>>> print(open('my_file_25.pdb').read())   # PDB, C-alpha atoms and all ligand atoms
ATOM      1  CA  MET A  20    -195.593 -43.123  55.680  1.00  0.00           C
ATOM      2  CA  ALA A  21    -195.209 -40.540  52.963  1.00  0.00           C
ATOM      3  CA  SER A  22    -193.367 -37.432  53.998  1.00  0.00           C
ATOM      4  CA  GLY A  23    -195.244 -35.324  51.524  1.00  0.00           C
ATOM      5  CA  VAL A  24    -198.467 -34.863  49.662  1.00  0.00           C
ATOM      6  CA  LEU A  25    -198.703 -35.319  45.925  1.00  0.00           C
ATOM      7  CA  VAL A  26    -200.280 -32.252  44.338  1.00  0.00           C
ATOM      8  CA  LEU A  27    -202.323 -32.689  41.178  1.00  0.00           C
ATOM      9  CA  ASN A  28    -203.354 -29.951  38.848  1.00  0.00           C
ATOM     10  CA  ALA A  29    -207.068 -29.514  38.164  1.00  0.00           C
ATOM     11  CA  ASP A  30    -206.650 -31.881  35.218  1.00  0.00           C
ATOM     12  CA  PHE A  31    -205.283 -34.590  37.537  1.00  0.00           C
ATOM     13  CA  ARG A  32    -201.742 -34.314  36.270  1.00  0.00           C
ATOM     14  CA  ALA A  33    -199.092 -34.611  38.954  1.00  0.00           C
ATOM     15  CA  MET A  34    -197.390 -31.269  39.566  1.00  0.00           C
ATOM     16  CA  THR A  35    -195.273 -31.373  42.639  1.00  0.00           C
ATOM     17  CA  VAL A  36    -195.003 -32.503  46.238  1.00  0.00           C
ATOM     18  CA  PHE A  37    -195.934 -30.360  49.230  1.00  0.00           C
ATOM     19  CA  SER A  38    -195.453 -30.845  52.932  1.00  0.00           C
ATOM     20  CA  ILE A  39    -198.517 -32.010  54.845  1.00  0.00           C
ATOM     21  CA  PRO A  40    -199.109 -28.631  56.567  1.00  0.00           C
ATOM     22  CA  LYS A  41    -198.882 -26.796  53.254  1.00  0.00           C
ATOM     23  CA  ALA A  42    -201.292 -29.232  51.618  1.00  0.00           C
ATOM     24  CA  PHE A  43    -203.700 -28.926  54.550  1.00  0.00           C
ATOM     25  CA  LEU A  44    -203.623 -25.176  54.273  1.00  0.00           C
ATOM     26  CA  LEU A  45    -204.684 -25.308  50.613  1.00  0.00           C
ATOM     27  CA  VAL A  46    -207.530 -27.644  51.524  1.00  0.00           C
ATOM     28  CA  PHE A  47    -208.712 -25.434  54.377  1.00  0.00           C
ATOM     29  CA  LEU A  48    -208.560 -22.394  52.128  1.00  0.00           C
ATOM     30  CA  ASP A  49    -210.681 -24.378  49.687  1.00  0.00           C
ATOM     31  CA  LYS A  50    -208.044 -24.082  46.986  1.00  0.00           C
ATOM     32  CA  ALA A  51    -207.627 -27.829  46.798  1.00  0.00           C
ATOM     33  CA  GLU A  52    -209.585 -30.979  47.523  1.00  0.00           C
ATOM     34  CA  ILE A  53    -208.364 -34.181  49.055  1.00  0.00           C
ATOM     35  CA  ILE A  54    -208.295 -37.042  46.571  1.00  0.00           C
ATOM     36  CA  GLU A  55    -206.608 -39.690  48.684  1.00  0.00           C
ATOM     37  CA  LYS A  56    -206.022 -39.836  52.428  1.00  0.00           C
ATOM     38  CA  THR A  57    -203.504 -41.666  54.498  1.00  0.00           C
ATOM     39  CA  ASP A  58    -204.436 -43.669  57.564  1.00  0.00           C
ATOM     40  CA  ASP A  59    -202.567 -41.318  59.836  1.00  0.00           C
ATOM     41  CA  VAL A  60    -204.645 -38.950  61.878  1.00  0.00           C
ATOM     42  CA  VAL A  61    -202.752 -35.714  62.148  1.00  0.00           C
ATOM     43  CA  LEU A  62    -205.336 -33.310  63.443  1.00  0.00           C
ATOM     44  CA  ARG A  63    -208.114 -33.877  65.932  1.00  0.00           C
ATOM     45  CA  THR A  64    -210.826 -31.486  66.993  1.00  0.00           C
ATOM     46  CA  VAL A  65    -213.601 -32.162  69.508  1.00  0.00           C
ATOM     47  CA  SER A  66    -215.822 -33.670  66.879  1.00  0.00           C
ATOM     48  CA  THR A  67    -213.610 -34.644  63.976  1.00  0.00           C
ATOM     49  CA  ALA A  68    -210.354 -36.421  63.267  1.00  0.00           C
ATOM     50  CA  TYR A  69    -208.506 -35.415  60.158  1.00  0.00           C
ATOM     51  CA  ASN A  70    -206.385 -37.867  58.270  1.00  0.00           C
ATOM     52  CA  ALA A  71    -203.367 -36.523  56.495  1.00  0.00           C
ATOM     53  CA  PRO A  72    -203.914 -36.157  52.782  1.00  0.00           C
ATOM     54  CA  SER A  73    -201.869 -38.319  50.459  1.00  0.00           C
ATOM     55  CA  VAL A  74    -202.989 -36.765  47.185  1.00  0.00           C
ATOM     56  CA  ILE A  75    -204.687 -33.410  46.698  1.00  0.00           C
ATOM     57  CA  ARG A  76    -205.994 -31.739  43.579  1.00  0.00           C
ATOM     58  CA  LEU A  77    -206.039 -28.022  42.945  1.00  0.00           C
ATOM     59  CA  ARG A  78    -209.499 -26.656  42.238  1.00  0.00           C
ATOM     60  CA  LYS A  79    -208.208 -24.195  39.672  1.00  0.00           C
ATOM     61  CA  TYR A  80    -206.005 -25.162  36.782  1.00  0.00           C
ATOM     62  CA  VAL A  81    -202.560 -23.686  37.196  1.00  0.00           C
ATOM     63  CA  ASN A  82    -200.611 -22.926  34.084  1.00  0.00           C
ATOM     64  CA  MET A  83    -197.140 -24.060  34.842  1.00  0.00           C
ATOM     65  CA  PRO A  84    -194.777 -21.717  33.081  1.00  0.00           C
ATOM     66  CA  PHE A  85    -191.893 -23.899  34.087  1.00  0.00           C
ATOM     67  CA  LYS A  86    -192.513 -27.478  33.144  1.00  0.00           C
ATOM     68  CA  GLY A  87    -188.991 -28.736  32.871  1.00  0.00           C
ATOM     69  CA  VAL A  88    -186.394 -29.513  35.430  1.00  0.00           C
ATOM     70  CA  MET A  89    -183.787 -26.837  35.874  1.00  0.00           C
ATOM     71  CA  LEU A  90    -180.439 -27.722  34.398  1.00  0.00           C
ATOM     72  CA  SER A  91    -178.044 -27.724  37.313  1.00  0.00           C
ATOM     73  CA  ARG A  92    -175.134 -29.723  38.604  1.00  0.00           C
ATOM     74  CA  GLN A  93    -177.218 -31.242  41.392  1.00  0.00           C
ATOM     75  CA  ASN A  94    -180.036 -32.202  39.025  1.00  0.00           C
ATOM     76  CA  ILE A  95    -177.654 -33.860  36.598  1.00  0.00           C
ATOM     77  CA  PHE A  96    -176.167 -35.879  39.455  1.00  0.00           C
ATOM     78  CA  LYS A  97    -179.671 -36.788  40.485  1.00  0.00           C
ATOM     79  CA  ARG A  98    -180.675 -37.865  36.988  1.00  0.00           C
ATOM     80  CA  ASP A  99    -177.614 -40.100  36.816  1.00  0.00           C
ATOM     81  CA  ASN A 100    -178.279 -41.563  40.268  1.00  0.00           C
ATOM     82  CA  HIS A 101    -175.114 -39.958  41.639  1.00  0.00           C
ATOM     83  CA  GLN A 102    -172.983 -42.343  39.632  1.00  0.00           C
ATOM     84  CA  CYS A 103    -170.336 -41.900  36.977  1.00  0.00           C
ATOM     85  CA  VAL A 104    -172.035 -42.771  33.667  1.00  0.00           C
ATOM     86  CA  TYR A 105    -168.801 -44.311  32.405  1.00  0.00           C
ATOM     87  CA  CYS A 106    -167.643 -46.580  35.214  1.00  0.00           C
ATOM     88  CA  GLY A 107    -170.398 -46.449  37.825  1.00  0.00           C
ATOM     89  CA  SER A 108    -168.222 -44.946  40.542  1.00  0.00           C
ATOM     90  CA  ARG A 109    -169.928 -42.836  43.183  1.00  0.00           C
ATOM     91  CA  ARG A 110    -166.784 -41.042  44.285  1.00  0.00           C
ATOM     92  CA  ASP A 111    -165.297 -37.703  43.259  1.00  0.00           C
ATOM     93  CA  LEU A 112    -168.125 -36.827  40.943  1.00  0.00           C
ATOM     94  CA  THR A 113    -167.962 -33.958  38.540  1.00  0.00           C
ATOM     95  CA  LEU A 114    -169.677 -32.941  35.334  1.00  0.00           C
ATOM     96  CA  ASP A 115    -168.425 -34.021  31.942  1.00  0.00           C
ATOM     97  CA  HIS A 116    -169.253 -32.469  28.585  1.00  0.00           C
ATOM     98  CA  VAL A 117    -169.854 -35.473  26.309  1.00  0.00           C
ATOM     99  CA  VAL A 118    -168.847 -33.441  23.280  1.00  0.00           C
ATOM    100  CA  PRO A 119    -166.101 -31.255  24.726  1.00  0.00           C
ATOM    101  CA  ARG A 120    -166.706 -27.521  24.773  1.00  0.00           C
ATOM    102  CA  SER A 121    -163.595 -27.056  22.683  1.00  0.00           C
ATOM    103  CA  LYS A 122    -165.324 -29.105  19.976  1.00  0.00           C
ATOM    104  CA  GLY A 123    -168.530 -27.120  20.112  1.00  0.00           C
ATOM    105  CA  GLY A 124    -170.324 -29.136  22.781  1.00  0.00           C
ATOM    106  CA  ASN A 125    -172.923 -27.130  24.646  1.00  0.00           C
ATOM    107  CA  SER A 126    -174.165 -27.245  28.216  1.00  0.00           C
ATOM    108  CA  SER A 127    -177.425 -29.116  27.915  1.00  0.00           C
ATOM    109  CA  TRP A 128    -179.146 -32.148  29.385  1.00  0.00           C
ATOM    110  CA  LEU A 129    -178.021 -34.248  26.452  1.00  0.00           C
ATOM    111  CA  ASN A 130    -174.416 -33.148  26.558  1.00  0.00           C
ATOM    112  CA  LEU A 131    -173.745 -33.090  30.295  1.00  0.00           C
ATOM    113  CA  VAL A 132    -173.257 -36.213  32.335  1.00  0.00           C
ATOM    114  CA  THR A 133    -172.048 -37.216  35.761  1.00  0.00           C
ATOM    115  CA  ALA A 134    -168.491 -38.505  35.655  1.00  0.00           C
ATOM    116  CA  CYS A 135    -165.901 -39.336  38.257  1.00  0.00           C
ATOM    117  CA  GLN A 136    -162.652 -37.366  38.223  1.00  0.00           C
ATOM    118  CA  ALA A 137    -160.744 -40.360  36.873  1.00  0.00           C
ATOM    119  CA  CYS A 138    -163.011 -40.883  33.862  1.00  0.00           C
ATOM    120  CA  ASN A 139    -163.281 -37.163  33.315  1.00  0.00           C
ATOM    121  CA  SER A 140    -159.524 -36.769  33.025  1.00  0.00           C
ATOM    122  CA  ARG A 141    -159.111 -40.005  31.068  1.00  0.00           C
ATOM    123  CA  LYS A 142    -161.562 -38.683  28.504  1.00  0.00           C
ATOM    124  CA  GLY A 143    -160.005 -35.245  28.555  1.00  0.00           C
ATOM    125  CA  ASN A 144    -160.719 -33.131  25.543  1.00  0.00           C
ATOM    126  CA  ARG A 145    -161.806 -36.010  23.362  1.00  0.00           C
ATOM    127  CA  THR A 146    -165.137 -37.286  22.160  1.00  0.00           C
ATOM    128  CA  LEU A 147    -166.390 -40.683  23.335  1.00  0.00           C
ATOM    129  CA  GLU A 148    -165.249 -42.334  20.133  1.00  0.00           C
ATOM    130  CA  GLU A 149    -161.817 -40.816  20.348  1.00  0.00           C
ATOM    131  CA  ALA A 150    -161.481 -41.930  23.944  1.00  0.00           C
ATOM    132  CA  SER A 151    -163.081 -45.343  23.274  1.00  0.00           C
ATOM    133  CA  MET A 152    -165.489 -44.826  26.138  1.00  0.00           C
ATOM    134  CA  SER A 153    -169.196 -45.458  26.359  1.00  0.00           C
ATOM    135  CA  PHE A 154    -172.124 -44.714  28.638  1.00  0.00           C
ATOM    136  CA  SER A 155    -173.763 -47.152  30.958  1.00  0.00           C
ATOM    137  CA  GLN A 156    -176.753 -44.872  30.571  1.00  0.00           C
ATOM    138  CA  LYS A 157    -177.386 -42.388  27.785  1.00  0.00           C
ATOM    139  CA  PRO A 158    -178.063 -38.821  28.901  1.00  0.00           C
ATOM    140  CA  TYR A 159    -181.652 -37.675  28.563  1.00  0.00           C
ATOM    141  CA  LYS A 160    -183.758 -34.682  29.400  1.00  0.00           C
ATOM    142  CA  PRO A 161    -185.685 -35.583  32.554  1.00  0.00           C
ATOM    143  CA  SER A 162    -189.267 -34.733  33.206  1.00  0.00           C
ATOM    144  CA  PHE A 163    -190.034 -33.472  36.673  1.00  0.00           C
ATOM    145  CA  LEU A 164    -191.775 -36.752  37.433  1.00  0.00           C
ATOM    146  CA  ILE A 165    -188.392 -38.374  37.618  1.00  0.00           C
ATOM    147  CA  PHE A 166    -187.721 -36.217  40.587  1.00  0.00           C
ATOM    148  CA  LEU A 167    -190.800 -37.512  42.304  1.00  0.00           C
ATOM    149  CA  ARG A 168    -189.243 -40.966  42.271  1.00  0.00           C
ATOM    150  CA  ASP A 169    -187.286 -40.047  45.353  1.00  0.00           C
ATOM    151  CA  TYR A 170    -190.472 -39.441  47.228  1.00  0.00           C
ATOM    152  CA  THR A 171    -192.366 -42.377  45.832  1.00  0.00           C
ATOM    153  CA  LYS A 172    -189.825 -44.861  47.112  1.00  0.00           C
ATOM    154  CA  ASN A 173    -191.263 -44.650  50.584  1.00  0.00           C
ATOM    155  CA  ALA A 174    -194.554 -43.088  49.659  1.00  0.00           C
ATOM    156  CA  ASP A 175    -197.977 -44.365  49.308  1.00  0.00           C
ATOM    157  CA  ALA A 176    -199.053 -46.731  46.602  1.00  0.00           C
ATOM    158  CA  LYS A 177    -201.917 -44.253  46.349  1.00  0.00           C
ATOM    159  CA  TRP A 178    -199.695 -41.946  44.314  1.00  0.00           C
ATOM    160  CA  LEU A 179    -198.831 -44.408  41.651  1.00  0.00           C
ATOM    161  CA  PRO A 180    -201.936 -44.106  39.456  1.00  0.00           C
ATOM    162  CA  TYR A 181    -201.239 -40.386  39.148  1.00  0.00           C
ATOM    163  CA  LEU A 182    -197.613 -40.731  38.169  1.00  0.00           C
ATOM    164  CA  CYS A 183    -198.072 -42.777  35.029  1.00  0.00           C
TER     165      CYS A 183
HETATM  166 ZN    ZN A 201    -165.869 -43.006  36.188  1.00  0.00          ZN
END
>>> encode(input="my_file_25.pdb", output="C-alpha cells")
Amino acid sequence: MASGVLVLNADFRAMTVFSIPKAFLLVFLDKAEIIEKTDDVVLRTVSTAYNAPSVIRLRKYVNMPFKGVMLSRQNIFKRDNHQCVYCGSRRDLTLDHVVPRSKGGNSSWLNLVTACQACNSRKGNRTLEEASMSFSQKPYKPSFLIFLRDYTKNADAKWLPYLC
C-alpha cells in the first residue's frame, strides 16, 4: 500500500506527495478531486465508505515558484543513491567537488558528487584527469520526479502514468 498520495497540478503534472489525511482534507475542502483510489477503506460513515485516494488533482492551477530540487548534501547523496560515484562504496560518505574549488569549481549539481572519504582524499585537490579517476555515474541536475522514485517503489501502479 502506498504511504502517500500523488498530487497532480490542475494540468495533470505530478507535483508532490502528500499524506493521506492531508490529501483527504483538500478533497473535503473541494480544493482537489480524486483521480485514482486505492482499495483500502480508510473512513466509514453510516452510509458511505471512503477509499483512500491514490492520486488527486488540484482544482486550481498552482504556479510552482520552486520547480527544482534544493541543492543540499542530503539531496546529492540521494541523487547518487547514497553511493560513492567513484568506487561505489556506501561508507563514510562526503561531498566531493569534481573540479576542486581551488581550481574554480563551483558548488552546483554538476560539480558536486557523493564520494567516500577514501576516494575524496585520493583525489585531493586534483581534477579527475589529474587523478586518473572516473565516475560510475555522471552528475546531473535532478528533477523533483526523481525524488518521487522513493515513494513509487512500494506505491501504486496507478501513479505511473502520471510520472512519465
Ligand atoms: Zn569511493
>>> residues_near_ligand(input="my_file_25.pdb", ligand="ligand ZN 201 (chain A)", cutoff="6 Å", atoms="all atoms listed in the file", output="PyMOL selection string")
chain A and resi 103+105-108+134-135+137-138
>>> resolve_selection(input="my_file_25.pdb", expression="the PyMOL selection byres (((chain A and resi 159) around 7) and not hetatm)", output="PyMOL selection string")
chain A and resi 128-129+157-158+160-161
>>> closest_atom_pairs(input="my_file_25.pdb", of="range 55-79 of chain A", to="range 30-41 of chain A", cutoff="12 Å", atoms="only C-alpha atoms", output="tab-separated table")
residue	atom	partner	partner_atom	distance
A:Lys56	CA	A:Ile39	CA	11.1
A:Thr57	CA	A:Ile39	CA	10.9
A:Asp59	CA	A:Ile39	CA	11.3
A:Val60	CA	A:Ile39	CA	11.6
A:Val61	CA	A:Ile39	CA	9.2
A:Leu62	CA	A:Pro40	CA	10.4
A:Tyr69	CA	A:Ile39	CA	11.8
A:Asn70	CA	A:Ile39	CA	10.4
A:Ala71	CA	A:Ile39	CA	6.8
A:Pro72	CA	A:Ile39	CA	7.1
A:Ser73	CA	A:Ile39	CA	8.4
A:Val74	CA	A:Val36	CA	9.1
A:Ile75	CA	A:Phe31	CA	9.3
A:Arg76	CA	A:Phe31	CA	6.7
A:Leu77	CA	A:Phe31	CA	8.5
A:Arg78	CA	A:Asp30	CA	9.2
A:Lys79	CA	A:Asp30	CA	9.0
>>> atom_distance(input="my_file_25.pdb", atom1="CA of Leu114 in chain A", atom2="CA of Leu182 in chain A")
29.1 Å
>>> atom_distance(input="my_file_25.pdb", atom1="CA of Ala176 in chain A", atom2="CA of Leu25 in chain A")
11.4 Å
>>> resolve_selection(input="my_file_25.pdb", expression="the PyMOL selection byres (((chain A and resi 52) around 10) and not hetatm)", output="PyMOL selection string")
chain A and resi 26-27+29+42-43+45-51+53-55+72+74-78
>>> atom_distance(input="my_file_25.pdb", atom1="CA of Leu147 in chain A", atom2="CA of Pro119 in chain A")
9.5 Å
>>> residues_around(input="my_file_25.pdb", residues="Lys142 in chain A", least_positions_apart="2", cutoff="10 Å", atoms="all atoms listed in the file", output="list in words")
Tyr105, Asp115, His116, Val117, Pro119, Ala134, Gln136, Ala137, Cys138, Asn139, Ser140, Asn144, Arg145, Thr146, Leu147, Glu148, Glu149, Ala150, Ser151 and Met152 of chain A
>>> closest_residue(input="my_file_25.pdb", among="A:Val65, A:Leu44, A:Val81, A:Val132", to="Asp99 in chain A", atoms="only C-alpha atoms")
A:Val132
>>> resolve_selection(input="my_file_25.pdb", expression="the PyMOL selection byres (((chain A and resi 98) around 12) and not hetatm)", output="ChimeraX atom specification")
/A:88-97,99-104,128-129,131-133,156-169
